[in-house]
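K.L.:
I'm passing along work.tsv; it holds TSV, C-alpha atoms.
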```
chain	number	residue	atom	x	y	z
A	1	MET	CA	25.40	18.37	-1.00
A	2	GLN	CA	23.07	19.42	1.81
A	3	ALA	CA	20.66	20.87	-0.71
A	4	ASP	CA	20.71	17.58	-2.60
A	5	ASP	CA	19.86	15.61	0.53
A	6	GLU	CA	16.83	17.81	1.03
A	7	LEU	CA	15.78	17.15	-2.56
A	8	TRP	CA	16.19	13.38	-2.17
A	9	SER	CA	14.17	13.37	1.03
A	10	ALA	CA	11.48	15.46	-0.59
A	11	ILE	CA	11.00	13.41	-3.74
A	12	ALA	CA	11.86	9.94	-2.50
A	13	ASP	CA	8.60	9.48	-0.65
A	14	PRO	CA	5.97	7.86	-2.90
A	15	SER	CA	3.11	9.90	-1.43
A	16	ARG	CA	4.96	13.12	-2.08
A	17	ARG	CA	5.75	12.02	-5.61
A	18	ARG	CA	2.03	11.53	-6.11
A	19	VAL	CA	1.38	15.08	-4.87
A	20	LEU	CA	4.16	16.41	-7.05
A	21	ASP	CA	2.78	14.56	-10.09
A	22	LEU	CA	-0.64	16.10	-9.58
A	23	LEU	CA	0.96	19.53	-9.38
A	24	VAL	CA	3.05	18.90	-12.51
A	25	GLY	CA	-0.03	17.71	-14.38
A	26	ASN	CA	-2.53	20.32	-13.21
A	27	GLY	CA	-0.76	23.61	-12.68
A	28	GLU	CA	-1.88	25.72	-9.76
A	29	VAL	CA	-4.16	23.91	-7.32
A	30	SER	CA	-5.23	24.06	-3.69
A	31	ALA	CA	-4.51	21.61	-0.89
A	32	SER	CA	-8.18	20.54	-0.76
A	33	TRP	CA	-8.21	19.85	-4.48
A	34	LEU	CA	-5.15	17.64	-3.99
A	35	ALA	CA	-6.67	15.90	-0.98
A	36	GLY	CA	-9.64	14.89	-3.13
A	37	ARG	CA	-7.33	13.03	-5.49
A	38	VAL	CA	-5.02	11.08	-3.22
A	39	PRO	CA	-5.68	8.11	-0.98
A	40	PHE	CA	-4.41	9.84	2.15
A	41	SER	CA	-5.67	12.49	4.54
A	42	ARG	CA	-5.83	16.27	4.13
A	43	GLN	CA	-3.35	16.53	7.04
A	44	ALA	CA	-0.93	14.24	5.21
A	45	VAL	CA	-1.28	16.39	2.07
A	46	SER	CA	-0.47	19.52	4.11
A	47	LYS	CA	2.62	17.88	5.59
A	48	HIS	CA	3.84	16.81	2.15
A	49	LEU	CA	3.29	20.32	0.79
A	50	VAL	CA	5.41	21.74	3.62
A	51	VAL	CA	8.29	19.35	2.84
A	52	LEU	CA	8.07	20.01	-0.91
A	53	GLU	CA	8.00	23.74	-0.31
A	54	ARG	CA	10.97	23.56	2.06
A	55	ALA	CA	12.94	21.71	-0.62
A	56	GLY	CA	12.03	24.51	-3.03
A	57	LEU	CA	10.15	22.16	-5.35
A	58	ILE	CA	6.86	24.03	-5.07
A	59	SER	CA	5.71	27.52	-4.14
A	60	ARG	CA	2.43	28.94	-2.91
A	61	ARG	CA	0.43	32.11	-3.44
A	62	LYS	CA	-2.76	33.42	-1.94
A	63	LEU	CA	-5.69	34.01	-4.24
A	64	GLY	CA	-8.63	35.45	-2.34
A	65	ARG	CA	-9.26	33.02	0.51
A	66	GLU	CA	-7.46	30.16	-1.17
A	67	VAL	CA	-3.82	29.13	-1.11
A	68	LEU	CA	-2.66	27.75	-4.43
A	69	TYR	CA	0.42	25.61	-4.96
A	70	GLN	CA	2.53	25.21	-8.04
A	71	VAL	CA	5.70	23.47	-9.15
A	72	GLU	CA	9.00	25.36	-9.28
A	73	ALA	CA	10.28	24.23	-12.66
A	74	ASP	CA	13.86	25.40	-12.09
A	75	ARG	CA	14.20	23.40	-8.91
A	76	LEU	CA	12.77	20.31	-10.57
A	77	ASP	CA	15.30	20.73	-13.37
A	78	GLN	CA	17.99	21.01	-10.74
A	79	ALA	CA	16.77	17.77	-9.15
A	80	THR	CA	16.88	16.05	-12.53
A	81	ARG	CA	20.40	17.29	-13.14
A	82	ALA	CA	21.58	16.25	-9.68
A	83	MET	CA	20.23	12.74	-10.23
A	84	THR	CA	21.77	12.54	-13.68
A	85	GLU	CA	25.08	13.63	-12.18
A	86	LEU	CA	24.97	10.86	-9.56
A	87	ALA	CA	24.41	8.29	-12.28
A	88	ALA	CA	27.15	9.82	-14.46
A	89	GLN	CA	29.53	9.74	-11.50
A	90	TRP	CA	29.06	5.97	-11.21
A	91	ASP	CA	29.52	5.57	-14.96
A	92	ARG	CA	32.88	7.33	-14.67
A	93	ARG	CA	33.87	5.14	-11.73
A	94	LEU	CA	32.83	1.97	-13.54
A	95	ASP	CA	34.81	3.06	-16.59
A	96	ALA	CA	37.86	3.58	-14.39
A	97	ILE	CA	37.39	0.13	-12.80
A	98	LYS	CA	37.06	-1.38	-16.29
A	99	ARG	CA	40.34	0.24	-17.45
A	100	LEU	CA	42.22	-0.80	-14.30
A	101	ALA	CA	40.99	-4.41	-14.38
A	102	GLU	CA	41.55	-4.83	-18.11
A	103	THR	CA	45.07	-3.39	-17.86
A	104	ALA	CA	45.93	-5.61	-14.87
A	105	HIS	CA	44.59	-8.64	-16.71
A	106	ALA	CA	46.48	-7.86	-19.93
A	107	GLU	CA	49.73	-7.37	-17.97
A	108	ALA	CA	49.29	-10.62	-16.05
A	109	LYS	CA	48.73	-12.48	-19.33
A	110	LYS	CA	51.82	-10.91	-20.88
A	111	LYS	CA	53.91	-11.95	-17.87
A	112	ARG	CA	52.70	-15.51	-18.21
A	113	GLY	CA	53.75	-15.32	-21.85
A	114	LEU	CA	50.28	-15.93	-23.22
B	1	MET	CA	10.77	-0.61	-4.87
B	2	SER	CA	10.45	2.90	-3.59
B	3	GLY	CA	13.15	5.46	-3.10
B	4	LEU	CA	16.01	6.64	-5.21
B	5	VAL	CA	18.23	3.92	-6.54
B	6	ILE	CA	21.12	4.33	-8.90
B	7	ASP	CA	21.70	1.14	-10.85
B	8	ARG	CA	24.53	0.97	-13.40
B	9	GLU	CA	26.59	-1.73	-15.00
B	10	VAL	CA	29.60	-2.28	-17.20
B	11	LEU	CA	31.09	-5.23	-19.07
B	12	ILE	CA	34.77	-5.80	-18.33
B	13	GLU	CA	37.19	-7.92	-20.37
B	14	ALA	CA	38.86	-9.53	-17.37
B	15	PRO	CA	38.12	-12.44	-15.01
B	16	ALA	CA	35.93	-11.80	-11.96
B	17	GLU	CA	38.93	-12.31	-9.62
B	18	VAL	CA	40.77	-9.40	-11.25
B	19	VAL	CA	37.71	-7.14	-11.08
B	20	TRP	CA	37.23	-8.19	-7.47
B	21	ARG	CA	40.74	-7.02	-6.55
B	22	THR	CA	40.14	-3.71	-8.34
B	23	ILE	CA	37.03	-2.95	-6.32
B	24	THR	CA	38.20	-4.21	-2.92
B	25	GLU	CA	41.93	-3.44	-2.53
B	26	PRO	CA	42.48	-0.02	-0.92
B	27	ASP	CA	45.37	0.95	-3.23
B	28	GLN	CA	43.08	0.17	-6.20
B	29	ILE	CA	40.03	1.91	-4.71
B	30	THR	CA	42.02	5.17	-4.53
B	31	ARG	CA	42.37	4.99	-8.31
B	32	TRP	CA	38.65	5.02	-9.08
B	33	PHE	CA	36.85	6.29	-5.99
B	34	ALA	CA	38.10	8.15	-2.91
B	35	ASP	CA	41.62	9.59	-2.40
B	36	ARG	CA	41.74	8.41	1.16
B	37	VAL	CA	40.79	4.80	1.79
B	38	ASP	CA	41.21	3.05	5.09
B	39	LEU	CA	39.42	-0.23	4.70
B	40	VAL	CA	39.65	-3.87	5.69
B	41	VAL	CA	37.49	-6.08	3.50
B	42	GLU	CA	35.70	-8.10	6.17
B	43	PRO	CA	32.00	-8.03	7.02
B	44	GLY	CA	31.37	-5.54	9.82
B	45	ALA	CA	34.78	-3.88	9.52
B	46	HIS	CA	34.85	-0.14	10.12
B	47	GLY	CA	36.90	2.16	7.94
B	48	TYR	CA	37.03	5.57	6.32
B	49	MET	CA	36.75	6.89	2.78
B	50	GLY	CA	37.04	10.45	1.66
B	51	PHE	CA	37.90	13.01	-1.00
B	52	GLY	CA	40.08	15.83	0.29
B	53	GLU	CA	38.26	17.35	3.24
B	54	GLN	CA	35.01	15.53	2.50
B	55	GLY	CA	34.42	12.00	3.64
B	56	GLY	CA	33.24	9.81	6.43
B	57	PRO	CA	33.10	6.43	8.08
B	58	VAL	CA	32.43	3.23	6.17
B	59	VAL	CA	31.11	-0.12	7.37
B	60	VAL	CA	31.66	-3.17	5.19
B	61	GLU	CA	28.50	-5.24	4.84
B	62	VAL	CA	28.73	-8.20	2.44
B	63	VAL	CA	32.02	-9.80	1.35
B	64	ASP	CA	31.48	-12.80	-0.89
B	65	PRO	CA	34.47	-13.10	-3.26
B	66	PRO	CA	34.43	-12.79	-6.18
B	67	THR	CA	30.75	-12.01	-6.63
B	68	ARG	CA	29.36	-9.64	-3.98
B	69	PHE	CA	30.79	-6.69	-2.07
B	70	SER	CA	28.84	-3.97	-0.30
B	71	PHE	CA	29.45	-1.15	2.14
B	72	ARG	CA	27.62	1.66	3.87
B	73	TRP	CA	29.18	5.08	3.70
B	74	ASN	CA	28.29	8.15	5.70
B	75	ASN	CA	29.75	10.51	3.10
B	76	SER	CA	28.78	13.68	4.91
B	77	GLY	CA	31.03	12.83	7.83
B	78	GLY	CA	29.76	12.51	11.37
B	79	GLY	CA	28.65	9.31	13.01
B	80	GLU	CA	28.16	5.64	12.38
B	81	PRO	CA	27.01	4.69	8.90
B	82	VAL	CA	23.60	3.21	9.61
B	83	VAL	CA	20.33	3.23	7.69
B	84	GLY	CA	19.26	6.87	7.54
B	85	SER	CA	22.74	8.37	7.83
B	86	SER	CA	24.48	6.71	4.90
B	87	VAL	CA	24.25	5.41	1.38
B	88	LEU	CA	24.55	1.71	0.61
B	89	VAL	CA	26.83	0.76	-2.29
B	90	GLU	CA	26.43	-2.80	-3.57
B	91	PHE	CA	28.63	-4.41	-6.20
B	92	THR	CA	27.66	-7.61	-7.98
B	93	LEU	CA	30.10	-9.41	-10.28
B	94	THR	CA	28.76	-11.92	-12.77
B	95	PRO	CA	31.27	-13.95	-14.79
B	96	GLU	CA	30.13	-14.07	-18.43
B	97	SER	CA	33.12	-16.18	-19.51
B	98	ASP	CA	36.67	-16.89	-18.27
B	99	GLU	CA	37.78	-13.44	-19.31
B	100	ARG	CA	34.62	-11.37	-19.17
B	101	THR	CA	32.77	-10.04	-16.13
B	102	ARG	CA	29.61	-8.02	-15.79
B	103	LEU	CA	29.94	-5.51	-12.94
B	104	ARG	CA	26.80	-3.96	-11.53
B	105	VAL	CA	26.62	-1.24	-8.90
B	106	VAL	CA	23.51	-0.21	-7.00
B	107	GLU	CA	23.62	2.86	-4.79
B	108	SER	CA	20.65	3.50	-2.53
B	109	GLY	CA	19.70	5.40	0.59
B	110	HIS	CA	19.95	9.03	-0.54
B	111	GLU	CA	16.32	9.59	0.29
B	112	SER	CA	16.53	8.20	3.79
B	113	LEU	CA	19.14	10.69	4.95
B	114	ASP	CA	17.71	12.71	7.82
B	115	TRP	CA	14.29	11.23	7.40
B	116	PRO	CA	12.47	9.93	10.49
B	117	ASP	CA	12.04	6.17	10.16
B	118	ALA	CA	8.53	5.93	11.51
B	119	GLU	CA	7.19	8.43	9.04
B	120	LYS	CA	9.07	6.87	6.15
B	121	GLU	CA	7.73	3.41	6.95
B	122	ARG	CA	4.20	4.63	7.39
B	123	TYR	CA	4.08	6.26	3.98
B	124	THR	CA	5.97	3.65	2.03
B	125	GLY	CA	3.75	1.00	3.61
B	126	GLU	CA	0.59	2.85	2.65
B	127	HIS	CA	1.46	3.76	-0.87
B	128	GLN	CA	3.50	1.57	-3.11
B	129	ASP	CA	3.31	3.92	-6.10
B	130	GLY	CA	6.35	3.86	-8.27
B	131	TRP	CA	7.55	6.95	-10.00
B	132	GLY	CA	4.73	9.09	-11.31
B	133	THR	CA	4.41	10.83	-14.64
B	134	PHE	CA	7.06	13.46	-14.14
B	135	LEU	CA	9.35	11.31	-12.08
B	136	ASP	CA	9.09	8.48	-14.57
B	137	ARG	CA	11.22	10.65	-16.78
B	138	LEU	CA	13.77	11.04	-14.03
B	139	ALA	CA	13.74	7.31	-13.42
B	140	ALA	CA	14.31	6.71	-17.12
B	141	LEU	CA	17.65	8.46	-16.73
B	142	PHE	CA	18.66	5.59	-14.50
B	143	GLY	CA	17.99	3.08	-17.24
B	144	LYS	CA	20.78	0.59	-17.36
B	145	ARG	CA	23.56	1.50	-19.63
B	146	GLN	CA	23.97	-0.85	-22.57
B	147	PRO	CA	27.24	-2.73	-22.28
B	148	GLU	CA	29.75	-1.89	-24.99
```
Starting from the coordinates I provided, produce the structure as structure tokens.

P.N.:
Amino acid sequence: MQADDELWSAIADPSRRRVLDLLVGNGEVSASWLAGRVPFSRQAVSKHLVVLERAGLISRRKLGREVLYQVEADRLDQATRAMTELAAQWDRRLDAIKRLAETAHAEAKKKRGL
Amino acid sequence: MSGLVIDREVLIEAPAEVVWRTITEPDQITRWFADRVDLVVEPGAHGYMGFGEQGGPVVVEVVDPPTRFSFRWNNSGGGEPVVGSSVLVEFTLTPESDERTRLRVVESGHESLDWPDAEKERYTGEHQDGWGTFLDRLAALFGKRQPE
């Protein structure tokens, strides 16, 4: 559950989603490359990269003097599955509510002799 | 709308009043949601909902029978369920006929857990992007279920 919260925090922010999108679409890139493509500062990009990395959604490696960032596909898959599970959980609850309400209604009708 | 929102609905062959009782009466709630429910359905009322060892405090927000019911739930235990420490669960009941009700649930707030408000506001204010290319696919998973 704690891990999920970190994921939600990481990907819920629109600016971070923008950064994540650029990484998904472009493979391995540097923070300066990203900063040139978003409407916010280099410092903001760095902060977002830290949060994304902490959530395990991206990783970095050094290449010469540059630091390159890339998406961690497994973790993104995990995020997708966690979100799907939350939605499925509500579907199960709604199905249970449907059964309970329909049964209660059918029984009340029977009692009234309808 | 930014943030993670779960939005689902179901069509129920029963009047709104019956559905209302199913989603608000504690002995009914234990049959579809938590195993422990301590709840008074009044705006501002404090209660508790949990599953086994896991659970936490609840605050009822909107009570408008038989159409709207919402509560905040700090499901990781701990303190007061406020924005940033809880998820908001909102039910909307729409009568489609005397014996048919559309029930919609929207759960939001996952992203705000443990997230400093000032920073969140700054960024959401600056950038109103929706889901991007990759996350569009995630968002598509939340597409409303077709009623049976």

K.L.:
For Leu22 of chain A, work out the shell of residues within 12 Å, counting all atoms listed in the file and skipping chain neighbours fewer than 6 positions away, then give it as a list of chain:residue names.

P.N.:
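The neighbour list is A:Ser15, A:Arg16, A:Glu28, A:Val29, A:Ser30, A:Ala31, A:Trp33, A:Leu34, A:Ala35, A:Gly36, A:Arg37, A:Val38, A:Val45, A:Leu49, A:Ile58, A:Tyr69, A:Gln70, A:Val71, B:Gly132, B:Thr133, B:Phe134, B:Leu135.
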
K.L.:
Given all atoms listed in the file as the basis, pick out the residue of B:Val5, B:Val60, B:Val18, B:Leu93 nearest to chain A.

P.N.:
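That would be B:Val18, the residue with the smallest distance to chain A.
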
K.L.:
Please find the residues of chain A near chain B - the criterion being any atom within 9 Å, counting only C-alpha atoms - and write them as a VMD selection string.

P.N.:
chain A and resid 1 to 2 4 to 15 17 to 18 20 to 22 24 to 25 39 to 40 79 to 80 83 to 84 86 to 87 90 to 106

K.L.:
Expressed in Å to a single decimal, how great is the separation between atom CA of Ser108 of chain B and atom CA of Pro26 of chain B?

P.N.:
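Going from atom CA of Ser108 of chain B over to atom CA of Pro26 of chain B, I get 22.2 Å.
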
K.L.:
Given the choices B:Thr24, B:Thr30, B:Asn74, B:Gln54, which gets closest to Phe91 of chain B if the distance is worked out from only C-alpha atoms?

P.N.:
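Nearest candidate to Phe91 of chain B out of B:Thr24, B:Thr30, B:Asn74, B:Gln54: B:Thr24.
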
K.L.:
Looking at all atoms listed in the file, which of A:Ser41, A:Leu23, A:Arg61, A:Lys110 is the one that sits closest to Leu76 of chain A?

P.N.:
A:Leu23

K.L.:
Missing atoms in segment 48-64 of chain A: can you complete it with N, CA and C atoms, as a compact mmCIF listing (two decimals), in the frame of the given file?

P.N.:
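The result, stored in part-v5.txt:
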```
# COMPACT_ATOMS: atom_id res chain seq x y z
N HIS A 48 3.03 17.02 3.37
CA HIS A 48 3.84 16.81 2.15
C HIS A 48 4.12 18.15 1.46
N LEU A 49 3.11 19.01 1.44
CA LEU A 49 3.29 20.32 0.79
C LEU A 49 4.37 21.13 1.51
N VAL A 50 4.39 21.01 2.84
CA VAL A 50 5.41 21.74 3.62
C VAL A 50 6.80 21.24 3.23
N VAL A 51 6.97 19.92 3.17
CA VAL A 51 8.29 19.35 2.84
C VAL A 51 8.71 19.74 1.42
N LEU A 52 7.77 19.66 0.49
CA LEU A 52 8.07 20.01 -0.91
C LEU A 52 8.44 21.49 -1.03
N GLU A 53 7.73 22.31 -0.26
CA GLU A 53 8.00 23.74 -0.31
C GLU A 53 9.37 24.04 0.30
N ARG A 54 9.69 23.36 1.41
CA ARG A 54 10.97 23.56 2.06
C ARG A 54 12.12 23.17 1.13
N ALA A 55 11.91 22.15 0.33
CA ALA A 55 12.94 21.71 -0.62
C ALA A 55 12.97 22.62 -1.85
N GLY A 56 12.05 23.58 -1.91
CA GLY A 56 12.03 24.51 -3.03
C GLY A 56 11.37 23.96 -4.28
N LEU A 57 10.74 22.79 -4.17
CA LEU A 57 10.15 22.16 -5.35
C LEU A 57 8.80 22.75 -5.72
N ILE A 58 8.14 23.38 -4.77
CA ILE A 58 6.86 24.03 -5.07
C ILE A 58 6.83 25.39 -4.38
N SER A 59 5.91 26.24 -4.82
CA SER A 59 5.71 27.52 -4.14
C SER A 59 4.21 27.75 -3.99
N ARG A 60 3.86 28.68 -3.13
CA ARG A 60 2.43 28.94 -2.91
C ARG A 60 2.13 30.42 -3.12
N ARG A 61 0.86 30.71 -3.47
CA ARG A 61 0.43 32.11 -3.44
C ARG A 61 -1.02 32.15 -3.02
N LYS A 62 -1.38 33.26 -2.42
CA LYS A 62 -2.76 33.42 -1.94
C LYS A 62 -3.60 34.03 -3.03
N LEU A 63 -4.76 33.46 -3.26
CA LEU A 63 -5.69 34.01 -4.24
C LEU A 63 -7.04 34.09 -3.53
N GLY A 64 -7.42 35.31 -3.13
CA GLY A 64 -8.63 35.45 -2.34
C GLY A 64 -8.46 34.71 -1.03
```
